[in-house]
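Peer 1: Quick one, protein.pdb (PDB, C-alpha atoms, pLDDT in the B column):
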ATOM      1  CA  MET R   1      -6.236  69.046  98.985  1.00 63.00           C
ATOM      2  CA  ARG R   2      -4.373  72.132  97.819  1.00 84.00           C
ATOM      3  CA  ASN R   3      -5.427  74.139  94.774  1.00 86.00           C
ATOM      4  CA  ASN R   4      -2.196  73.245  92.955  1.00 88.00           C
ATOM      5  CA  THR R   5      -2.977  69.539  93.221  1.00 91.00           C
ATOM      6  CA  ARG R   6      -6.617  70.023  92.286  1.00 91.00           C
ATOM      7  CA  GLY R   7      -5.601  72.229  89.358  1.00 92.00           C
ATOM      8  CA  LEU R   8      -3.231  69.518  88.137  1.00 94.00           C
ATOM      9  CA  ILE R   9      -5.962  66.864  88.390  1.00 95.00           C
ATOM     10  CA  PHE R  10      -8.372  69.116  86.498  1.00 96.00           C
ATOM     11  CA  HIS R  11      -5.675  69.770  83.880  1.00 96.00           C
ATOM     12  CA  ILE R  12      -5.283  66.018  83.353  1.00 96.00           C
ATOM     13  CA  LEU R  13      -9.060  65.707  82.902  1.00 97.00           C
ATOM     14  CA  ILE R  14      -8.980  68.544  80.378  1.00 97.00           C
ATOM     15  CA  ILE R  15      -6.192  66.732  78.493  1.00 96.00           C
ATOM     16  CA  PHE R  16      -8.435  63.708  78.017  1.00 96.00           C
ATOM     17  CA  ILE R  17     -11.474  65.830  77.115  1.00 97.00           C
ATOM     18  CA  THR R  18      -9.414  67.718  74.519  1.00 96.00           C
ATOM     19  CA  PHE R  19      -8.057  64.469  73.154  1.00 95.00           C
ATOM     20  CA  ALA R  20     -11.628  63.139  72.826  1.00 96.00           C
ATOM     21  CA  MET R  21     -12.759  66.336  71.050  1.00 95.00           C
ATOM     22  CA  ALA R  22      -9.851  66.122  68.618  1.00 94.00           C
ATOM     23  CA  ALA R  23     -10.488  62.420  67.985  1.00 94.00           C
ATOM     24  CA  ILE R  24     -14.178  63.028  67.252  1.00 94.00           C
ATOM     25  CA  ILE R  25     -13.362  65.894  64.880  1.00 93.00           C
ATOM     26  CA  ASN R  26     -10.706  63.870  63.062  1.00 92.00           C
ATOM     27  CA  ILE R  27     -12.925  60.809  62.473  1.00 93.00           C
ATOM     28  CA  SER R  28     -14.500  62.295  59.369  1.00 90.00           C
ATOM     29  CA  SER R  29     -12.618  64.209  56.718  1.00 91.00           C
ATOM     30  CA  SER R  30     -15.642  66.412  55.989  1.00 92.00           C
ATOM     31  CA  VAL R  31     -15.995  67.396  59.661  1.00 91.00           C
ATOM     32  CA  ARG R  32     -12.248  67.957  59.865  1.00 92.00           C
ATOM     33  CA  SER R  33     -12.243  70.240  56.815  1.00 92.00           C
ATOM     34  CA  LEU R  34     -15.298  72.115  58.126  1.00 91.00           C
ATOM     35  CA  VAL R  35     -13.883  72.680  61.622  1.00 90.00           C
ATOM     36  CA  TYR R  36     -10.245  73.320  60.761  1.00 92.00           C
ATOM     37  CA  GLY R  37     -11.067  75.256  57.583  1.00 92.00           C
ATOM     38  CA  ASN R  38     -13.324  77.837  59.237  1.00 91.00           C
ATOM     39  CA  ILE R  39     -11.927  80.449  61.627  1.00 93.00           C
ATOM     40  CA  PHE R  40     -15.244  80.613  63.487  1.00 94.00           C
ATOM     41  CA  PHE R  41     -15.076  76.923  64.409  1.00 94.00           C
ATOM     42  CA  LYS R  42     -11.411  77.262  65.340  1.00 95.00           C
ATOM     43  CA  TYR R  43     -12.300  79.969  67.850  1.00 95.00           C
ATOM     44  CA  ILE R  44     -15.147  77.834  69.200  1.00 95.00           C
ATOM     45  CA  LEU R  45     -12.695  74.965  69.805  1.00 95.00           C
ATOM     46  CA  VAL R  46     -10.246  77.195  71.651  1.00 95.00           C
ATOM     47  CA  ALA R  47     -13.078  78.835  73.612  1.00 96.00           C
ATOM     48  CA  ALA R  48     -14.303  75.375  74.650  1.00 96.00           C
ATOM     49  CA  ILE R  49     -10.862  74.569  76.074  1.00 96.00           C
ATOM     50  CA  LEU R  50     -10.715  77.901  77.912  1.00 96.00           C
ATOM     51  CA  LEU R  51     -14.228  77.344  79.297  1.00 97.00           C
ATOM     52  CA  LEU R  52     -13.186  73.942  80.576  1.00 97.00           C
ATOM     53  CA  TYR R  53     -10.364  75.544  82.552  1.00 96.00           C
ATOM     54  CA  TYR R  54     -12.687  78.289  83.793  1.00 96.00           C
ATOM     55  CA  ASN R  55     -15.429  75.920  84.921  1.00 96.00           C
ATOM     56  CA  PHE R  56     -13.016  73.509  86.589  1.00 95.00           C
ATOM     57  CA  GLY R  57     -11.465  76.550  88.273  1.00 92.00           C
ATOM     58  CA  LYS R  58     -14.791  77.175  89.997  1.00 91.00           C
ATOM     59  CA  LEU R  59     -14.242  73.922  91.882  1.00 91.00           C
ATOM     60  CA  LEU R  60     -10.974  75.157  93.395  1.00 89.00           C
ATOM     61  CA  SER R  61     -10.909  76.357  96.994  1.00 85.00           C
ATOM     62  CA  LYS R  62     -11.702  79.995  97.725  1.00 82.00           C
ATOM     63  CA  ARG R  63     -10.427  79.745 101.302  1.00 81.00           C
ATOM     64  CA  ASN R  64      -6.810  80.399 100.388  1.00 79.00           C
ATOM     65  CA  ALA R  65      -5.317  83.872 100.513  1.00 78.00           C
ATOM     66  CA  ARG R  66      -6.478  86.104  97.682  1.00 78.00           C
ATOM     67  CA  SER R  67      -2.920  86.944  96.763  1.00 79.00           C
ATOM     68  CA  ILE R  68      -2.200  83.382  95.612  1.00 81.00           C
ATOM     69  CA  ASP R  69      -5.273  82.848  93.413  1.00 80.00           C
ATOM     70  CA  PHE R  70      -3.205  83.039  90.239  1.00 82.00           C
ATOM     71  CA  PHE R  71      -0.758  80.415  91.520  1.00 84.00           C
ATOM     72  CA  ALA R  72      -3.331  77.603  91.380  1.00 84.00           C
ATOM     73  CA  GLY R  73      -1.663  76.157  88.275  1.00 85.00           C
ATOM     74  CA  ASN R  74       1.935  76.247  89.468  1.00 89.00           C
ATOM     75  CA  LEU R  75       2.319  72.471  89.206  1.00 91.00           C
ATOM     76  CA  ILE R  76       1.178  72.576  85.582  1.00 92.00           C
ATOM     77  CA  PHE R  77       3.788  75.237  84.828  1.00 92.00           C
ATOM     78  CA  LEU R  78       6.530  73.419  86.750  1.00 93.00           C
ATOM     79  CA  ILE R  79       5.847  70.046  85.118  1.00 94.00           C
ATOM     80  CA  GLY R  80       5.679  71.768  81.713  1.00 92.00           C
ATOM     81  CA  LEU R  81       9.107  73.318  82.282  1.00 92.00           C
ATOM     82  CA  ILE R  82      10.593  69.989  83.379  1.00 93.00           C
ATOM     83  CA  LEU R  83       9.173  68.208  80.327  1.00 92.00           C
ATOM     84  CA  PHE R  84      10.437  71.020  78.083  1.00 89.00           C
ATOM     85  CA  ALA R  85      13.913  70.624  79.596  1.00 90.00           C
ATOM     86  CA  PHE R  86      13.716  66.869  78.948  1.00 89.00           C
ATOM     87  CA  GLY R  87      12.789  67.471  75.300  1.00 86.00           C
ATOM     88  CA  PHE R  88      15.433  70.148  74.918  1.00 85.00           C
ATOM     89  CA  LEU R  89      18.105  67.815  76.323  1.00 87.00           C
ATOM     90  CA  GLY R  90      17.206  65.201  73.725  1.00 83.00           C
ATOM     91  CA  LEU R  91      16.634  67.394  70.686  1.00 81.00           C
ATOM     92  CA  GLY R  92      18.411  70.653  71.437  1.00 81.00           C
ATOM     93  CA  ARG R  93      17.358  73.558  69.265  1.00 76.00           C
ATOM     94  CA  LYS R  94      15.609  71.182  66.870  1.00 79.00           C
ATOM     95  CA  ILE R  95      12.821  70.607  69.407  1.00 80.00           C
ATOM     96  CA  PHE R  96      10.378  72.751  67.424  1.00 79.00           C
ATOM     97  CA  GLU R  97      11.446  71.476  64.015  1.00 78.00           C
ATOM     98  CA  ALA R  98      10.055  67.984  64.655  1.00 71.00           C
ATOM     99  CA  SER R  99       6.343  67.567  64.036  1.00 73.00           C
ATOM    100  CA  VAL R 100       3.901  67.396  66.929  1.00 72.00           C
ATOM    101  CA  GLY R 101       4.308  63.940  68.427  1.00 71.00           C
ATOM    102  CA  GLY R 102       7.193  63.298  66.050  1.00 73.00           C
ATOM    103  CA  SER R 103       9.823  62.626  68.686  1.00 79.00           C
ATOM    104  CA  TYR R 104      10.011  60.511  71.808  1.00 84.00           C
ATOM    105  CA  TRP R 105      11.882  63.336  73.497  1.00 85.00           C
ATOM    106  CA  LYS R 106       9.088  65.860  73.201  1.00 86.00           C
ATOM    107  CA  PHE R 107       6.071  63.528  73.270  1.00 89.00           C
ATOM    108  CA  PRO R 108       5.666  63.781  77.093  1.00 91.00           C
ATOM    109  CA  LEU R 109       5.690  67.590  76.826  1.00 89.00           C
ATOM    110  CA  GLU R 110       3.134  67.660  74.046  1.00 89.00           C
ATOM    111  CA  PHE R 111       0.897  65.110  75.731  1.00 93.00           C
ATOM    112  CA  PHE R 112       0.971  66.987  79.035  1.00 94.00           C
ATOM    113  CA  LEU R 113       0.284  70.311  77.318  1.00 93.00           C
ATOM    114  CA  MET R 114      -2.147  68.789  74.813  1.00 94.00           C
ATOM    115  CA  PRO R 115      -4.918  71.408  75.255  1.00 96.00           C
ATOM    116  CA  GLU R 116      -2.460  74.252  74.818  1.00 94.00           C
ATOM    117  CA  VAL R 117      -0.534  72.692  71.910  1.00 92.00           C
ATOM    118  CA  TYR R 118      -3.833  71.786  70.227  1.00 94.00           C
ATOM    119  CA  ALA R 119      -5.041  75.398  70.538  1.00 94.00           C
ATOM    120  CA  ILE R 120      -1.724  76.697  69.179  1.00 93.00           C
ATOM    121  CA  LYS R 121      -1.909  74.374  66.176  1.00 91.00           C
ATOM    122  CA  VAL R 122      -5.618  74.996  65.519  1.00 93.00           C
ATOM    123  CA  LEU R 123      -5.144  78.769  65.533  1.00 93.00           C
ATOM    124  CA  GLY R 124      -2.006  78.547  63.394  1.00 91.00           C
ATOM    125  CA  ILE R 125       0.187  80.330  65.938  1.00 92.00           C
ATOM    126  CA  ASN R 126       3.939  79.805  65.562  1.00 90.00           C
ATOM    127  CA  TYR R 127       4.925  76.847  67.719  1.00 86.00           C
ATOM    128  CA  ASN R 128       8.047  78.034  69.514  1.00 87.00           C
ATOM    129  CA  ALA R 129       9.435  78.486  73.026  1.00 86.00           C
ATOM    130  CA  ILE R 130       7.644  81.784  73.630  1.00 90.00           C
ATOM    131  CA  SER R 131       4.215  80.540  72.560  1.00 91.00           C
ATOM    132  CA  LEU R 132       4.704  77.384  74.618  1.00 89.00           C
ATOM    133  CA  LEU R 133       5.763  79.388  77.679  1.00 90.00           C
ATOM    134  CA  ILE R 134       2.716  81.638  77.391  1.00 92.00           C
ATOM    135  CA  ALA R 135       0.499  78.585  76.851  1.00 91.00           C
ATOM    136  CA  THR R 136       1.816  76.968  80.035  1.00 92.00           C
ATOM    137  CA  LEU R 137       0.843  80.055  82.011  1.00 93.00           C
ATOM    138  CA  ILE R 138      -2.721  80.179  80.657  1.00 93.00           C
ATOM    139  CA  PRO R 139      -4.203  77.525  83.018  1.00 94.00           C
ATOM    140  CA  SER R 140      -2.911  79.410  86.087  1.00 92.00           C
ATOM    141  CA  PHE R 141      -4.319  82.670  84.751  1.00 93.00           C
ATOM    142  CA  ILE R 142      -7.740  81.202  83.970  1.00 94.00           C
ATOM    143  CA  TYR R 143      -7.882  79.367  87.305  1.00 93.00           C
ATOM    144  CA  GLY R 144      -7.066  82.650  89.058  1.00 91.00           C
ATOM    145  CA  ILE R 145      -9.791  84.558  87.222  1.00 93.00           C
ATOM    146  CA  SER R 146     -12.291  81.809  87.973  1.00 93.00           C
ATOM    147  CA  ILE R 147     -11.424  81.780  91.683  1.00 91.00           C
ATOM    148  CA  LYS R 148     -11.657  85.587  91.920  1.00 91.00           C
ATOM    149  CA  ILE R 149     -15.051  85.702  90.200  1.00 92.00           C
ATOM    150  CA  SER R 150     -16.403  82.787  92.246  1.00 91.00           C
ATOM    151  CA  ARG R 151     -15.186  84.380  95.479  1.00 89.00           C
ATOM    152  CA  ALA R 152     -16.783  87.719  94.550  1.00 88.00           C
ATOM    153  CA  LYS R 153     -20.100  86.007  93.856  1.00 90.00           C
ATOM    154  CA  MET R 154     -19.843  84.104  97.132  1.00 88.00           C
ATOM    155  CA  ILE R 155     -19.145  87.306  99.095  1.00 86.00           C
ATOM    156  CA  LYS R 156     -22.026  89.111  97.365  1.00 89.00           C
ATOM    157  CA  ARG R 157     -24.359  86.205  98.123  1.00 88.00           C
ATOM    158  CA  ASN R 158     -23.327  86.215 101.796  1.00 86.00           C
ATOM    159  CA  ARG R 159     -23.855  89.988 102.064  1.00 87.00           C
ATOM    160  CA  LEU R 160     -27.335  89.707 100.612  1.00 85.00           C
ATOM    161  CA  LYS R 161     -28.072  86.811 102.928  1.00 83.00           C
ATOM    162  CA  ASN R 162     -26.910  88.783 105.982  1.00 83.00           C
ATOM    163  CA  ARG R 163     -28.988  91.847 104.988  1.00 82.00           C
ATOM    164  CA  ARG R 164     -32.142  89.751 104.868  1.00 76.00           C
ATOM    165  CA  LYS R 165     -31.685  88.588 108.453  1.00 65.00           C
TER     166      LYS R 165
END
Turn the structure described in the file into structure tokens.
Peer 2:
Amino acid sequence: MRNNTRGLIFHILIIFITFAMAAIINISSSVRSLVYGNIFFKYILVAAILLLYYNFGKLLSKRNARSIDFFAGNLIFLIGLILFAFGFLGLGRKIFEASVGGSYWKFPLEFFLMPEVYAIKVLGINYNAISLLIATLIPSFIYGISIKISRAKMIKRNRLKNRRK
């Protein structure tokens, strides 16, 4: 299975994990006010999402060419662009005026990019086309970093193993 397909499957798993985290936080109003009212907890939430991408990225193949490591999330980016185009066709320039999940036209986009949209909203970043474009590129970037670091560790381990022989 190619890294793009694996990355997409891992992204879908991260969507459900993020949804579960958000649901658990939003069960209690006191937990919600504690987590969303404190910048430290906001950063922990976003770091947890980034760590999920990083750790799932370790499971991607290191046998591909090094030059395409950062393209492991291309399907995520492509599907995000298609869903954005779908939402833009339905809502036009008002796509960012509707609340999150407030329109059938942009619901598929926001569900597919749930970890990224959740991080944008938690951190209070302006939700616009630029922030969404950057957010769609983040999984590819983190997957690429994870593959590079894992490959470097694997090469170092093999060198040490060969020296011992």
Peer 1: Figure out the distance between atom CA of Ile14 of chain R and atom CA of Ile49 of chain R, please, to one decimal in Å.
Peer 2: 7.6 Å
Peer 1: Would you pick out the contacts of Ala22 of chain R at 10 Å or less, using all atoms listed in the file, so that residues sharing its chain but fewer than 5 positions from it are not included, and give the list as a ChimeraX atom specification?
Peer 2: /R:16-17,27,32,45,115,118
Peer 1: For Leu50 of chain R, which residue among R:Met154, R:Ile147, R:Leu133, R:Phe141 is the nearest when counting only C-alpha atoms?
Peer 2: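 That would be R:Phe141, the residue with the smallest distance to Leu50 of chain R.
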Peer 1: Write out, as JSON lines, each residue of segment 8-33 of chain R that has an atom at most 12 Å from segment 65-74 of chain R, together with the closest pair of atoms and their distance in Å to one decimal, counting all atoms listed in the file, rows going by chain and rising number.
Peer 2:
{"residue": "R:Leu8", "atom": "CA", "partner": "R:Gly73", "partner_atom": "CA", "distance": 6.8}
{"residue": "R:Ile9", "atom": "CA", "partner": "R:Gly73", "partner_atom": "CA", "distance": 10.2}
{"residue": "R:Phe10", "atom": "CA", "partner": "R:Gly73", "partner_atom": "CA", "distance": 9.9}
{"residue": "R:His11", "atom": "CA", "partner": "R:Gly73", "partner_atom": "CA", "distance": 8.7}
{"residue": "R:Ile12", "atom": "CA", "partner": "R:Gly73", "partner_atom": "CA", "distance": 11.8}
Peer 1: Just so the selection is clear, what residues does the PyMOL selection byres ((chain R and resi 139) around 8) cover here, as a PyMOL selection string?
Peer 2: chain R and resi 11+53+73+76+135-138+140-143
Peer 1: Which one is closest to Phe112 of chain R: R:Gly80, R:Gly87, R:Gly7, R:Gly92? Count only C-alpha atoms.
Peer 2: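 When distances to Phe112 of chain R are compared using only C-alpha atoms, the smallest one comes from R:Gly80.
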Peer 1: Enter the distance from atom CA of Phe19 of chain R to atom CA of Leu52 of chain R, in Å, rounded to one decimal.
Peer 2: 13.1 Å
Peer 1: How many Å separate atom CA of Ala129 of chain R from atom CA of Phe84 of chain R?
Peer 2: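 So the answer is 9.1 Å.
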